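Undergrad: Below is the file structure18.pdb, which contains PDB, C-alpha atoms.
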ATOM      1  CA  MET M1044     -35.871  88.485  -3.481
ATOM      2  CA  ASP M1045     -32.803  90.706  -3.638
ATOM      3  CA  ILE M1046     -30.403  89.325  -6.228
ATOM      4  CA  ILE M1047     -26.734  89.961  -5.370
ATOM      5  CA  THR M1048     -24.856  91.273  -8.319
ATOM      6  CA  LYS M1049     -21.197  92.039  -8.780
ATOM      7  CA  ASP M1050     -22.021  95.738  -8.330
ATOM      8  CA  LYS M1051     -23.167  94.984  -4.766
ATOM      9  CA  LEU M1052     -20.127  92.928  -3.917
ATOM     10  CA  ILE M1053     -16.986  94.174  -2.144
ATOM     11  CA  SER M1054     -13.442  93.638  -3.304
ATOM     12  CA  SER M1055     -11.137  91.630  -1.037
ATOM     13  CA  GLY M1056      -9.057  94.734  -0.261
ATOM     14  CA  LYS M1057     -12.054  96.799   0.856
ATOM     15  CA  PHE M1058     -13.581  93.847   2.678
ATOM     16  CA  ALA M1059     -10.320  93.342   4.582
ATOM     17  CA  LYS M1060     -10.336  97.006   5.687
ATOM     18  CA  LEU M1061     -13.990  96.860   6.771
ATOM     19  CA  THR M1062     -13.361  93.771   8.896
ATOM     20  CA  ASN M1063      -9.928  94.831  10.178
ATOM     21  CA  LEU M1064      -8.379  91.745   8.615
ATOM     22  CA  ASN M1065      -5.619  91.393   6.089
ATOM     23  CA  ARG M1066      -6.082  89.669   2.760
ATOM     24  CA  SER M1067      -3.757  86.846   3.784
ATOM     25  CA  ALA M1068      -6.215  85.948   6.569
ATOM     26  CA  LEU M1069      -9.083  85.851   4.074
ATOM     27  CA  ILE M1070      -7.032  83.613   1.809
ATOM     28  CA  PHE M1071      -6.243  81.340   4.774
ATOM     29  CA  TYR M1072      -9.933  81.037   5.667
ATOM     30  CA  ASP M1073     -10.800  80.275   2.054
ATOM     31  CA  GLU M1074      -8.081  77.672   1.557
ATOM     32  CA  HIS M1075      -9.047  75.861   4.781
ATOM     33  CA  GLY M1076     -12.739  75.761   3.923
ATOM     34  CA  LEU M1077     -13.737  78.100   6.724
ATOM     35  CA  PHE M1078     -14.966  81.135   4.837
ATOM     36  CA  SER M1079     -15.179  81.586   1.091
ATOM     37  CA  PRO M1080     -15.906  84.662  -1.022
ATOM     38  CA  LYS M1081     -19.380  85.085  -2.444
ATOM     39  CA  LEU M1082     -17.936  85.260  -5.933
ATOM     40  CA  ARG M1083     -14.601  84.615  -7.579
ATOM     41  CA  GLY M1084     -14.051  86.617 -10.764
ATOM     42  CA  GLU M1085     -12.631  85.289 -13.994
ATOM     43  CA  ASN M1086      -9.421  87.095 -13.103
ATOM     44  CA  GLY M1087      -9.232  85.184  -9.793
ATOM     45  CA  TYR M1088     -10.210  88.170  -7.662
ATOM     46  CA  ARG M1089     -12.328  87.466  -4.616
ATOM     47  CA  TYR M1090     -15.559  89.377  -3.985
ATOM     48  CA  TYR M1091     -17.597  89.400  -0.772
ATOM     49  CA  SER M1092     -21.128  90.447   0.090
ATOM     50  CA  PRO M1093     -21.902  92.974   2.864
ATOM     51  CA  GLN M1094     -23.770  90.227   4.761
ATOM     52  CA  GLN M1095     -20.524  88.282   5.082
ATOM     53  CA  ILE M1096     -19.012  90.957   7.345
ATOM     54  CA  THR M1097     -20.987  89.582  10.283
ATOM     55  CA  THR M1098     -20.002  86.013   9.434
ATOM     56  CA  VAL M1099     -16.280  86.650   9.188
ATOM     57  CA  LYS M1100     -16.230  88.753  12.376
ATOM     58  CA  PHE M1101     -17.816  85.858  14.237
ATOM     59  CA  LEU M1102     -15.318  83.486  12.664
ATOM     60  CA  THR M1103     -12.492  85.748  13.844
ATOM     61  CA  LEU M1104     -13.921  85.622  17.367
ATOM     62  CA  LEU M1105     -13.957  81.824  17.307
ATOM     63  CA  ARG M1106     -10.336  81.824  16.177
ATOM     64  CA  ALA M1107      -9.419  84.274  18.964
ATOM     65  CA  LEU M1108     -11.032  81.888  21.456
ATOM     66  CA  GLU M1109      -8.650  79.206  20.137
ATOM     67  CA  ILE M1110     -11.453  76.943  18.984
ATOM     68  CA  PRO M1111      -9.913  74.203  16.797
ATOM     69  CA  LEU M1112     -10.161  74.618  13.043
ATOM     70  CA  LYS M1113     -11.911  71.263  12.820
ATOM     71  CA  LYS M1114     -14.683  72.485  15.123
ATOM     72  CA  ILE M1115     -15.031  75.758  13.246
ATOM     73  CA  ARG M1116     -15.231  73.866   9.937
ATOM     74  CA  GLU M1117     -18.053  71.757  11.399
ATOM     75  CA  LEU M1118     -19.941  74.893  12.364
ATOM     76  CA  VAL M1119     -19.469  76.342   8.891
ATOM     77  CA  THR M1120     -21.121  73.321   7.261
ATOM     78  CA  HIS M1121     -23.628  72.479   9.975
ATOM     79  CA  ARG M1122     -24.795  74.769  12.735
ATOM     80  CA  THR M1123     -28.013  75.238  14.671
ATOM     81  CA  PRO M1124     -29.048  77.535  17.509
ATOM     82  CA  LYS M1125     -28.630  74.583  19.884
ATOM     83  CA  THR M1126     -25.078  73.715  18.795
ATOM     84  CA  LEU M1127     -24.028  77.375  19.023
ATOM     85  CA  LEU M1128     -25.636  77.714  22.458
ATOM     86  CA  GLU M1129     -23.720  74.683  23.702
ATOM     87  CA  LEU M1130     -20.505  76.115  22.296
ATOM     88  CA  PHE M1131     -21.132  79.505  23.889
ATOM     89  CA  THR M1132     -21.860  77.937  27.280
ATOM     90  CA  GLU M1133     -18.636  75.960  27.132
ATOM     91  CA  GLN M1134     -16.560  78.934  26.047
ATOM     92  CA  GLU M1135     -18.084  81.279  28.624
ATOM     93  CA  GLN M1136     -17.080  78.851  31.376
ATOM     94  CA  ARG M1137     -13.576  78.579  29.924
ATOM     95  CA  LEU M1138     -13.296  82.363  29.786
ATOM     96  CA  ASP M1139     -14.553  82.698  33.370
ATOM     97  CA  ASP M1140     -11.864  80.242  34.478
ATOM     98  CA  GLU M1141      -9.213  82.133  32.503
ATOM     99  CA  ILE M1142     -10.329  85.482  33.934
ATOM    100  CA  LYS M1143     -10.127  84.001  37.434
ATOM    101  CA  ARG M1144      -6.617  82.700  36.700
ATOM    102  CA  LEU M1145      -5.477  86.062  35.306
ATOM    103  CA  ARG M1146      -6.902  87.991  38.267
ATOM    104  CA  ARG M1147      -5.053  85.685  40.632
ATOM    105  CA  ALA M1148      -1.843  86.107  38.624
ATOM    106  CA  LYS M1149      -2.242  89.895  38.800
ATOM    107  CA  LYS M1150      -2.644  89.768  42.578
ATOM    108  CA  ILE M1151       0.548  87.723  42.883
ATOM    109  CA  LEU M1152       2.486  90.073  40.596
ATOM    110  CA  SER M1153       1.166  93.115  42.471
ATOM    111  CA  SER M1154       2.265  91.625  45.786
ATOM    112  CA  PHE M1155       5.816  90.989  44.563
ATOM    113  CA  HIS M1156       5.864  94.356  42.803
ATOM    114  CA  GLU M1157       5.028  96.134  46.061
ATOM    115  CA  SER M1158       7.650  94.226  48.061
ATOM    116  CA  ILE M1159      10.441  94.691  45.532
ATOM    117  CA  ALA M1160       9.665  98.390  45.042
ATOM    118  CA  THR M1161       9.591  98.951  48.816
ATOM    119  CA  GLY M1162      12.957  97.224  49.177
ATOM    120  CA  LEU M1163      14.516  99.558  46.629
ATOM    121  CA  GLU M1164      13.228 102.657  48.418
ATOM    122  CA  VAL M1165      14.042 101.907  52.075
ATOM    123  CA  ASP M1166      17.156 102.935  53.970
ATOM    124  CA  GLU M1167      17.998  99.541  55.442
ATOM    125  CA  THR M1168      20.315 101.077  58.044
ATOM    126  CA  VAL M1169      17.438 102.960  59.682
ATOM    127  CA  ILE M1170      15.090 101.624  62.357
ATOM    128  CA  ALA M1171      11.937 103.704  62.692
ATOM    129  CA  VAL M1172       8.248 103.645  63.571
ATOM    130  CA  HIS M1173       5.818 103.470  60.657
ATOM    131  CA  HIS M1174       2.057 103.454  60.607
ATOM    132  CA  MET M1175       1.004 100.416  58.596
ATOM    133  CA  LYS M1176      -2.383  99.728  57.068
ATOM    134  CA  LYS M1177      -4.364  96.546  57.614
ATOM    135  CA  ARG M1178      -3.144  93.713  55.400
ATOM    136  CA  ARG M1179      -4.835  90.378  54.883
ATOM    137  CA  ILE M1180      -2.739  87.213  55.171
ATOM    138  CA  HIS M1181      -3.107  83.458  55.398
ATOM    139  CA  MET M1182      -1.738  82.236  58.738
ATOM    140  CA  GLY M1183      -0.410  78.726  59.247
ATOM    141  CA  GLN M1184      -0.626  76.439  62.249
ATOM    142  CA  PRO M1185       1.775  76.748  65.242
ATOM    143  CA  THR M1186       5.268  75.454  64.526
ATOM    144  CA  ASN M1187       7.257  72.869  66.447
ATOM    145  CA  PHE M1188      11.038  73.359  66.637
ATOM    146  CA  SER M1189      12.047  70.223  68.470
ATOM    147  CA  ASN M1190      14.923  69.170  66.215
ATOM    148  CA  ARG M1191      17.687  70.640  64.074
ATOM    149  CA  LYS M1192      15.834  70.210  60.806
ATOM    150  CA  ALA M1193      12.687  71.738  62.211
ATOM    151  CA  PHE M1194      12.812  74.936  60.126
ATOM    152  CA  TYR M1195      12.322  73.216  56.795
ATOM    153  CA  ASP M1196      10.073  70.572  58.342
ATOM    154  CA  ASN M1197       7.771  73.330  59.571
ATOM    155  CA  PHE M1198       8.072  75.282  56.334
ATOM    156  CA  LEU M1199       7.113  72.260  54.221
ATOM    157  CA  LYS M1200       4.295  71.446  56.621
ATOM    158  CA  PHE M1201       2.966  74.983  56.175
ATOM    159  CA  CYS M1202       3.123  74.661  52.384
ATOM    160  CA  GLY M1203       1.347  71.301  52.473
ATOM    161  CA  GLU M1204      -1.408  72.489  54.799
ATOM    162  CA  THR M1205      -1.852  75.654  52.756
ATOM    163  CA  VAL M1206      -2.315  73.815  49.465
ATOM    164  CA  HIS M1207      -4.516  71.160  51.084
ATOM    165  CA  GLY M1208      -6.697  73.924  52.531
ATOM    166  CA  GLY M1209      -7.240  75.493  49.133
ATOM    167  CA  TRP M1210      -4.914  78.447  49.692
ATOM    168  CA  SER M1211      -1.973  79.572  47.593
ATOM    169  CA  VAL M1212       1.755  79.301  48.292
ATOM    170  CA  ASP M1213       2.558  81.516  45.309
ATOM    171  CA  TYR M1214       2.641  84.627  47.493
ATOM    172  CA  GLN M1215       5.618  85.593  49.659
ATOM    173  CA  ILE M1216       5.900  83.558  52.842
ATOM    174  CA  GLY M1217       6.892  85.246  56.084
ATOM    175  CA  GLY M1218       7.487  84.420  59.739
ATOM    176  CA  TYR M1219       5.357  85.361  62.758
ATOM    177  CA  TRP M1220       6.435  85.580  66.424
ATOM    178  CA  ASP M1221       4.002  86.039  69.292
ATOM    179  CA  SER M1222       6.139  88.734  70.895
ATOM    180  CA  MET M1223       9.372  90.668  70.620
ATOM    181  CA  TYR M1224      10.759  88.494  73.410
ATOM    182  CA  SER M1225      10.264  85.291  71.377
ATOM    183  CA  PHE M1226      11.696  86.981  68.271
ATOM    184  CA  ASN M1227      14.814  88.050  70.171
ATOM    185  CA  TYR M1228      15.169  84.679  71.910
ATOM    186  CA  SER M1229      14.669  82.514  68.796
ATOM    187  CA  PRO M1230      14.853  84.732  65.697
ATOM    188  CA  GLY M1231      15.186  81.785  63.311
ATOM    189  CA  GLN M1232      12.199  79.923  64.731
ATOM    190  CA  PRO M1233       8.890  81.664  63.962
ATOM    191  CA  SER M1234       5.833  80.728  65.973
ATOM    192  CA  ARG M1235       3.961  80.398  62.689
ATOM    193  CA  PHE M1236       4.491  80.878  58.983
ATOM    194  CA  PHE M1237       2.150  83.026  56.931
ATOM    195  CA  SER M1238       1.687  84.036  53.305
ATOM    196  CA  LEU M1239       0.764  87.462  51.953
ATOM    197  CA  ASP M1240      -2.396  86.071  50.367
ATOM    198  CA  PRO M1241      -4.783  89.049  50.015
ATOM    199  CA  ASP M1242      -7.710  86.641  50.247
ATOM    200  CA  GLY M1243      -6.516  85.195  53.558
ATOM    201  CA  GLU M1244      -8.820  84.984  56.565
ATOM    202  CA  GLU M1245      -6.366  86.563  59.029
ATOM    203  CA  CYS M1246      -4.786  90.000  58.914
ATOM    204  CA  ILE M1247      -1.898  92.152  60.044
ATOM    205  CA  LYS M1248      -3.707  94.816  62.026
ATOM    206  CA  GLU M1249      -3.423  98.488  61.214
ATOM    207  CA  GLY M1250      -1.242 100.389  63.653
ATOM    208  CA  ASP M1251       2.217 101.624  64.546
ATOM    209  CA  TYR M1252       5.093  99.222  63.985
ATOM    210  CA  LEU M1253       8.799  99.451  64.678
ATOM    211  CA  VAL M1254      10.434  98.508  61.378
ATOM    212  CA  GLY M1255      13.975  97.325  60.738
ATOM    213  CA  TYR M1256      15.989  95.627  58.002
ATOM    214  CA  THR M1257      18.874  93.233  57.566
ATOM    215  CA  ARG M1258      20.392  91.100  54.834
ATOM    216  CA  GLY M1259      21.030  87.378  54.789
ATOM    217  CA  TYR M1260      19.657  83.971  53.913
ATOM    218  CA  TYR M1261      16.358  82.692  55.283
ATOM    219  CA  GLY M1262      16.340  82.618  59.058
ATOM    220  CA  VAL M1263      19.365  84.934  59.382
ATOM    221  CA  THR M1264      18.528  88.054  61.366
ATOM    222  CA  ASN M1265      22.047  89.090  62.446
ATOM    223  CA  ASP M1266      21.766  91.680  65.248
ATOM    224  CA  LEU M1267      18.426  93.109  64.068
ATOM    225  CA  PRO M1268      16.338  91.932  67.079
ATOM    226  CA  ALA M1269      18.849  93.496  69.500
ATOM    227  CA  ARG M1270      18.955  96.747  67.518
ATOM    228  CA  MET M1271      15.166  96.960  67.493
ATOM    229  CA  GLU M1272      14.974  96.420  71.268
ATOM    230  CA  LYS M1273      17.671  99.015  71.850
ATOM    231  CA  TYR M1274      15.874 101.555  69.683
ATOM    232  CA  ALA M1275      12.578 100.903  71.482
ATOM    233  CA  LYS M1276      14.129 101.504  74.925
ATOM    234  CA  GLU M1277      15.809 104.710  73.829
ATOM    235  CA  ALA M1278      12.657 106.009  72.118
ATOM    236  CA  GLY M1279      10.286 105.113  74.948
ATOM    237  CA  LEU M1280       8.424 102.478  72.998
ATOM    238  CA  GLU M1281       6.635  99.428  74.359
ATOM    239  CA  PHE M1282       6.163  96.292  72.258
ATOM    240  CA  THR M1283       2.449  95.514  72.267
ATOM    241  CA  GLY M1284       1.997  92.653  69.855
ATOM    242  CA  PRO M1285       3.492  90.196  67.433
ATOM    243  CA  VAL M1286       6.539  90.484  65.191
ATOM    244  CA  TYR M1287       6.401  89.805  61.453
ATOM    245  CA  ASN M1288       9.259  89.039  59.046
ATOM    246  CA  ILE M1289       8.920  89.464  55.279
ATOM    247  CA  TYR M1290      11.640  89.149  52.655
ATOM    248  CA  LEU M1291      11.269  92.160  50.375
ATOM    249  CA  HIS M1292      14.025  90.808  48.133
ATOM    250  CA  ASP M1293      14.613  87.070  47.828
ATOM    251  CA  GLU M1294      15.325  84.476  45.139
ATOM    252  CA  VAL M1295      12.608  85.987  42.957
ATOM    253  CA  CYS M1296      14.775  89.035  42.232
ATOM    254  CA  MET M1297      18.248  88.165  43.576
ATOM    255  CA  ALA M1298      20.792  85.453  42.770
ATOM    256  CA  ASP M1299      22.920  85.862  45.918
ATOM    257  CA  PRO M1300      21.099  84.348  48.936
ATOM    258  CA  ASP M1301      23.348  86.205  51.374
ATOM    259  CA  SER M1302      21.942  89.483  50.031
ATOM    260  CA  TYR M1303      18.253  88.756  50.592
ATOM    261  CA  LEU M1304      16.593  91.781  52.219
ATOM    262  CA  LEU M1305      14.547  91.036  55.335
ATOM    263  CA  GLN M1306      12.002  93.441  56.793
ATOM    264  CA  ALA M1307      10.937  92.906  60.407
ATOM    265  CA  PHE M1308       8.167  94.902  62.054
ATOM    266  CA  ALA M1309       6.721  94.759  65.552
ATOM    267  CA  ALA M1310       3.635  96.430  67.022
ATOM    268  CA  VAL M1311       4.548  99.240  69.454
ATOM    269  CA  LYS M1312       3.081 102.119  71.408
ATOM    270  CA  GLN M1313       4.646 105.216  72.952
ATOM    271  CA  THR M1314       5.120 105.120  76.729
ATOM    272  CA  GLY M1315       6.378 108.652  77.107
ATOM    273  CA  GLN M1316       9.537 107.499  78.853
ATOM    274  CA  THR M1317      12.763 107.839  76.907
ATOM    275  CA  ARG M1318      16.364 107.165  77.746
TER     276      ARG M1318
END
Please, can you express the file's structure as structure tokens?
TA:
Amino acid sequence: MDIITKDKLISSGKFAKLTNLNRSALIFYDEHGLFSPKLRGENGYRYYSPQQITTVKFLTLLRALEIPLKKIRELVTHRTPKTLLELFTEQEQRLDDEIKRLRRAKKILSSFHESIATGLEVDETVIAVHHMKKRRIHMGQPTNFSNRKAFYDNFLKFCGETVHGGWSVDYQIGGYWDSMYSFNYSPGQPSRFFSLDPDGEECIKEGDYLVGYTRGYYGVTNDLPARMEKYAKEAGLEFTGPVYNIYLHDEVCMADPDSYLLQAFAAVKQTGQTR
């Protein structure tokens, strides 16, 4: 049997460098009964064996996983393959859940990042045709504007149905109109609400869209619908599909609600006839 002597032991300073820890961490582990040196010299110096490198690295991993000190102390004094396997299974599930949460958070941040960056780059005075790529969304049920308070009634209904259906309301929420006519006739009353959820089952189809901008609080479109129709007539464009409204800048990045930046885009095609 190999007898460990002081010559084969490692000083606390060297051991700390080998394990990428600082000596204060080793002292903390020792004082809390989690990990003790193999030998303590008469001068009080701590000495560790090479075999302990693996042990302390695993201990560091458990600490990084935020396992309670009490649980770690139990494992130090009593551990078996079965108890470790149970712990690993539990922690792997917790990490999977955390990874899922972080991926979802990244999607939400990326969505807002794209909208805010786009809003900073556009010339909001210009109406023009842009080719837009397919974009997945979550579409709500048809709205019902039968009373004065219908906007928020429908908005809250959309939020409730979305959450109840297992979807997220953390993404930007926009308005959908079946046609340019309905958008121009009732610009503050979308046919449906939708969210920019990239995991949604519906989508904004790829194609050419007439895009315009205006500023104002939710539901305020000013003269944007009329300006878009005027531009389409003069450019020989025909509206061929729905209209979408998305707020590129809203309360997430602005304090003044009258300065929210709305983007509206409607599917079009060229007719060849211009005015």
Undergrad: Have a look at CA of Asp1251 in chain M and CA of Arg1179 in chain M and let me know their distance in Å, one decimal.
TA: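 About the pair CA of Asp1251 in chain M and CA of Arg1179 in chain M: they are 16.4 Å apart.
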Undergrad: In Å to one decimal, how far is CA of Cys1202 in chain M from CA of Asp1266 in chain M?
TA: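 The value is 28.3 Å.
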Undergrad: Applied to the shown file, which residues does the PyMOL selection byres ((chain M and resi 1214-1224) around 7) return, written as a list in words?
TA: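 That selection, the PyMOL selection byres ((chain M and resi 1214-1224) around 7), comes back as Ile1151, Ser1211, Val1212, Asp1213, Ser1225, Phe1226, Asn1227, Tyr1228, Pro1233, Ser1234, Arg1235, Phe1236, Phe1237, Ser1238, Leu1239, Asp1240, Phe1282, Gly1284, Pro1285, Val1286, Tyr1287, Asn1288 and Ile1289 of chain M.
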Undergrad: Please, what distance in Å, to one decimal, runs between CA of Ala1160 in chain M and CA of Arg1178 in chain M?
TA: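 It comes out at 17.1 Å.
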Undergrad: Would you kindly translate the PyMOL selection byres ((chain M and resi 1166) around 12) into the concrete residues it picks from this file, as JSON, numbers by chain?
TA: {"M": [1161, 1162, 1163, 1164, 1165, 1167, 1168, 1169, 1170, 1171, 1254, 1255, 1256, 1257, 1304, 1306]}
Undergrad: From the list M:Met1182, M:Cys1246, M:Met1175, M:Leu1138, which residue is nearest Ala1309 in chain M when using all atoms listed in the file?
TA: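 Closest candidate: M:Met1175.
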Undergrad: Report as a list of chain:residue names all protein, DNA and RNA residues lying within 8 Å of Phe1194 in chain M, evaluated on all atoms listed in the file, omitting residues in the same chain fewer than 5 positions from it.
TA: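 Here the answer would be M:Phe1188, M:Gly1231, M:Gln1232.
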Undergrad: So which one's closest to Tyr1195 in chain M, M:Ala1148, M:Tyr1261, M:His1292, M:Glu1157? Using all atoms listed in the file, please.
TA: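 Using all atoms listed in the file, the shortest distance to Tyr1195 in chain M belongs to M:Tyr1261.
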Undergrad: Expand the PyMOL selection byres ((chain M and resi 1057) around 12) into the individual residues it matches in the shown file, reporting them as a tab-separated table (two decimals) with C-alpha atoms, in the coordinates of the input.
TA:
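Everything below was put into expr16.tsv:
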chain	number	residue	atom	x	y	z
M	1052	LEU	CA	-20.13	92.93	-3.92
M	1053	ILE	CA	-16.99	94.17	-2.14
M	1054	SER	CA	-13.44	93.64	-3.30
M	1055	SER	CA	-11.14	91.63	-1.04
M	1056	GLY	CA	-9.06	94.73	-0.26
M	1058	PHE	CA	-13.58	93.85	2.68
M	1059	ALA	CA	-10.32	93.34	4.58
M	1060	LYS	CA	-10.34	97.01	5.69
M	1061	LEU	CA	-13.99	96.86	6.77
M	1062	THR	CA	-13.36	93.77	8.90
M	1063	ASN	CA	-9.93	94.83	10.18
M	1064	LEU	CA	-8.38	91.74	8.62
M	1065	ASN	CA	-5.62	91.39	6.09
M	1066	ARG	CA	-6.08	89.67	2.76
M	1069	LEU	CA	-9.08	85.85	4.07
M	1089	ARG	CA	-12.33	87.47	-4.62
M	1090	TYR	CA	-15.56	89.38	-3.98
M	1091	TYR	CA	-17.60	89.40	-0.77
M	1092	SER	CA	-21.13	90.45	0.09
M	1093	PRO	CA	-21.90	92.97	2.86
M	1096	ILE	CA	-19.01	90.96	7.34
Undergrad: Taking into account all atoms listed in the file, which residue in the set M:Arg1147, M:Arg1122, M:Lys1248, M:His1156 is nearest to Lys1176 in chain M?
TA: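 The closest residue to Lys1176 in chain M is M:Lys1248.
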Undergrad: Of the residues M:Leu1105, M:Leu1267, M:Met1297, M:Ala1275, which is the one nearest to Ala1310 in chain M, using all atoms listed in the file?
TA: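 Between M:Leu1105, M:Leu1267, M:Met1297, M:Ala1275, the residue approaching Ala1310 in chain M most closely is M:Ala1275.
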Undergrad: Restricting the calculation to all atoms listed in the file: of M:Glu1135, M:Glu1294, M:Glu1249, M:Glu1244, which residue gets closest to Ile1180 in chain M?
TA: M:Glu1244
Undergrad: Which residues are near range 1125-1132 of chain M? Cut-off 12 Å, only C-alpha atoms, ignore same chain within fewer than 2 positions. Put them as an MDAnalysis selection string.
TA: chainID M and resid 1101 1104:1105 1108 1110 1114:1115 1117:1119 1121:1123 1134:1139
Undergrad: Could you name the residues that touch Gln1313 in chain M at 7 Å or less, counting all atoms listed in the file, but leaving out those on the same chain fewer than 2 positions away, as a list in words?
TA: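 Non-adjacent residues within range: Gly1279, Leu1280, Glu1281, Val1311 and Gly1315 of chain M.
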Undergrad: Restricting the output to C-alpha atoms, write the selected residues as a tab-separated table (two decimals), in the coordinates of the input.
TA:
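File part_6.tsv, as written:
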chain	number	residue	atom	x	y	z
M	1279	GLY	CA	10.29	105.11	74.95
M	1280	LEU	CA	8.42	102.48	73.00
M	1281	GLU	CA	6.64	99.43	74.36
M	1311	VAL	CA	4.55	99.24	69.45
M	1315	GLY	CA	6.38	108.65	77.11
